[in-house]
Amino acid sequence: MDFERAMIVFAHPDDGEFGSAGTVAVWTERGTQVAYVCVTDGSAGSNEASADRDELAALREREQRAAAEVLGVEDCTFLGIRDGMVEVTLDLRRALTREVRRFRPDVLVIPDPSRLWDQERTYINHTDHRAVGMACVAVANPDSSTRPMFPELLDEGFEPFELPHLWMPTWGEDADTFVDITETIEKKIEALRCHASQIHDWPVDEWIRARAKERGAPQGMEYAESFRTFRLREDRD
Ligand SMILES: [Zn+2]
């Protein structure tokens, strides 16, 4: 798990923090370079009649950058697609492929595209999460590794890149990898609090601790995040 470079792709500002901020903080503390790619502008993150979508988008980008700083993430890209309207298009696949070929991560962390709802059936997964996940699995194969895919990226200097590892945060029973976040849970909570426009006075501290405890306990960890992982190519050396 000692990756040199990790890239986290997510749909909305704050998704990355909910799914993997504890793990990201563990990685950056160990010297892993981490890049964030936020696909949407987060501009549907308010039901207030007076909300201005462009103002909200600007605010949410600032909140996301502040959260990234807490976690030691120095590389933040915003693709700016309208919140709620993500589709798996060739344009999105090209944009994500550009980021992956540029950064050449050892591990790509993405939303699980197969998740339609939670196990308890109390939550329908957001369509943007699934669409971003689906675009990302296309990037994993064939887009990033295959020379004839998006030849225009070659003109921009982005050579093909074969992803070694793909991880998907999961709260479900399909988890195969648990990361001990006992030392970084405070940073995860601090990073989530940066998303003040979304958190309001919600007791994020309690909620995060309860979930991380539930994940960690069977593994003998105080707090954990859990992932479904894929090994797509053997590491070099
Ligand atoms: Zn989201």
# chains A, B, ... in the order shown; residues from 1 in each chain; ligands from 1
>>> select_by_dssp(residues="segment 96-225 of chain A", states="strand (DSSP E)", output="MDAnalysis selection string")
chainID A and resid 107:109 165:169 177:180 224:225
>>> write_last_selection(atoms="C-alpha atoms", output="compact mmCIF listing (two decimals), in the first residue's frame")
# COMPACT_ATOMS: atom_id res chain seq x y z
CA VAL A 107 -3.73 3.63 -7.67
CA LEU A 108 -6.92 5.23 -8.98
CA VAL A 109 -9.74 5.58 -6.44
CA HIS A 165 -4.47 -0.60 -9.03
CA LEU A 166 -8.11 0.44 -8.94
CA TRP A 167 -9.88 1.00 -5.61
CA MET A 168 -13.53 1.73 -4.84
CA PRO A 169 -14.63 2.95 -1.42
CA THR A 177 -9.15 -3.95 1.91
CA PHE A 178 -9.31 -2.06 5.19
CA VAL A 179 -7.12 0.96 5.91
CA ASP A 180 -6.47 1.86 9.54
CA ALA A 224 -11.09 2.14 9.30
CA GLU A 225 -12.10 2.95 5.73
>>> residues_around(residues="Asn141 of chain A", least_positions_apart="3", cutoff="12 Å", atoms="only C-alpha atoms", output="JSON, numbers by chain")
{"A": [93, 97, 100, 134, 135, 136, 137, 138, 144, 145, 146, 147, 149, 160, 161, 162, 163, 164, 165, 166, 232, 233]}
>>> closest_residue(among="A:His129, A:Arg30, A:Arg101, A:Arg121", to="His12 of chain A", atoms="only C-alpha atoms")
A:His129
>>> residues_near_ligand(ligand="ligand 1", cutoff="8 Å", atoms="only C-alpha atoms and all ligand atoms", output="PyMOL selection string")
chain A and resi 10-15+126+128-129
>>> write_last_selection(atoms="N, CA and C atoms", output="mmCIF file, in the first residue's frame")
data_model
loop_
_atom_site.group_PDB
_atom_site.id
_atom_site.type_symbol
_atom_site.label_atom_id
_atom_site.label_comp_id
_atom_site.auth_asym_id
_atom_site.auth_seq_id
_atom_site.Cartn_x
_atom_site.Cartn_y
_atom_site.Cartn_z
ATOM 1 N N PHE A 10 -13.880 11.813 -8.193
ATOM 2 C CA PHE A 10 -15.200 11.802 -7.545
ATOM 3 C C PHE A 10 -16.115 12.798 -8.229
ATOM 4 N N ALA A 11 -17.419 12.668 -7.981
ATOM 5 C CA ALA A 11 -18.400 13.481 -8.696
ATOM 6 C C ALA A 11 -18.540 14.888 -8.105
ATOM 7 N N HIS A 12 -18.701 14.962 -6.789
ATOM 8 C CA HIS A 12 -19.048 16.237 -6.141
ATOM 9 C C HIS A 12 -18.008 16.625 -5.095
ATOM 10 N N PRO A 13 -17.795 17.944 -4.919
ATOM 11 C CA PRO A 13 -16.969 18.373 -3.792
ATOM 12 C C PRO A 13 -17.566 17.743 -2.525
ATOM 13 N N ASP A 14 -16.796 17.117 -1.737
ATOM 14 C CA ASP A 14 -17.059 16.405 -0.460
ATOM 15 C C ASP A 14 -17.152 14.878 -0.630
ATOM 16 N N ASP A 15 -17.424 14.366 -1.821
ATOM 17 C CA ASP A 15 -17.476 12.897 -2.015
ATOM 18 C C ASP A 15 -16.144 12.247 -1.635
ATOM 19 N N HIS A 126 -26.587 8.452 -5.966
ATOM 20 C CA HIS A 126 -26.705 9.574 -6.905
ATOM 21 C C HIS A 126 -26.230 9.141 -8.297
ATOM 22 N N ASP A 128 -24.867 10.787 -10.607
ATOM 23 C CA ASP A 128 -23.519 11.295 -10.949
ATOM 24 C C ASP A 128 -22.430 10.345 -10.447
ATOM 25 N N HIS A 129 -22.648 9.766 -9.244
ATOM 26 C CA HIS A 129 -21.631 8.856 -8.693
ATOM 27 C C HIS A 129 -21.451 7.654 -9.623
#
>>> select_by_dssp(residues="segment 159-224 of chain A", states="helix (DSSP H, G or I)", output="PyMOL selection string")
chain A and resi 185-193+196-199+204-219
>>> atom_distance(atom1="atom CA of Ala66 of chain A", atom2="atom CA of Tyr36 of chain A")
12.4 Å
>>> atom_distance(atom1="atom CA of Leu90 of chain A", atom2="atom CA of Gly133 of chain A")
14.0 Å
>>> residues_around(residues="Gln64 of chain A", least_positions_apart="6", cutoff="9 Å", atoms="only C-alpha atoms", output="list in words")
Pro13, Asp14, Cys38, Cys76, Ala191, Cys194 and His195 of chain A
>>> residues_around(residues="Ala35 of chain A", least_positions_apart="2", cutoff="12 Å", atoms="only C-alpha atoms", output="number ranges by chain")
A: 4-10, 16, 24, 27-28, 32-33, 37-38, 65, 68-69, 71-78, 99-100, 102-109
>>> residues_around(residues="Ser226 of chain A", least_positions_apart="6", cutoff="12 Å", atoms="only C-alpha atoms", output="JSON, numbers by chain")
{"A": [18, 19, 20, 21, 22, 23, 109, 167, 168, 169, 170, 171, 172, 173, 174, 175, 176, 177, 178, 179, 180, 181, 211, 212, 213, 214, 215, 216, 217, 218, 219]}
>>> closest_residue(among="A:Glu156, A:Glu234, A:Glu87, A:Glu183", to="Ala25 of chain A", atoms="only C-alpha atoms")
A:Glu183
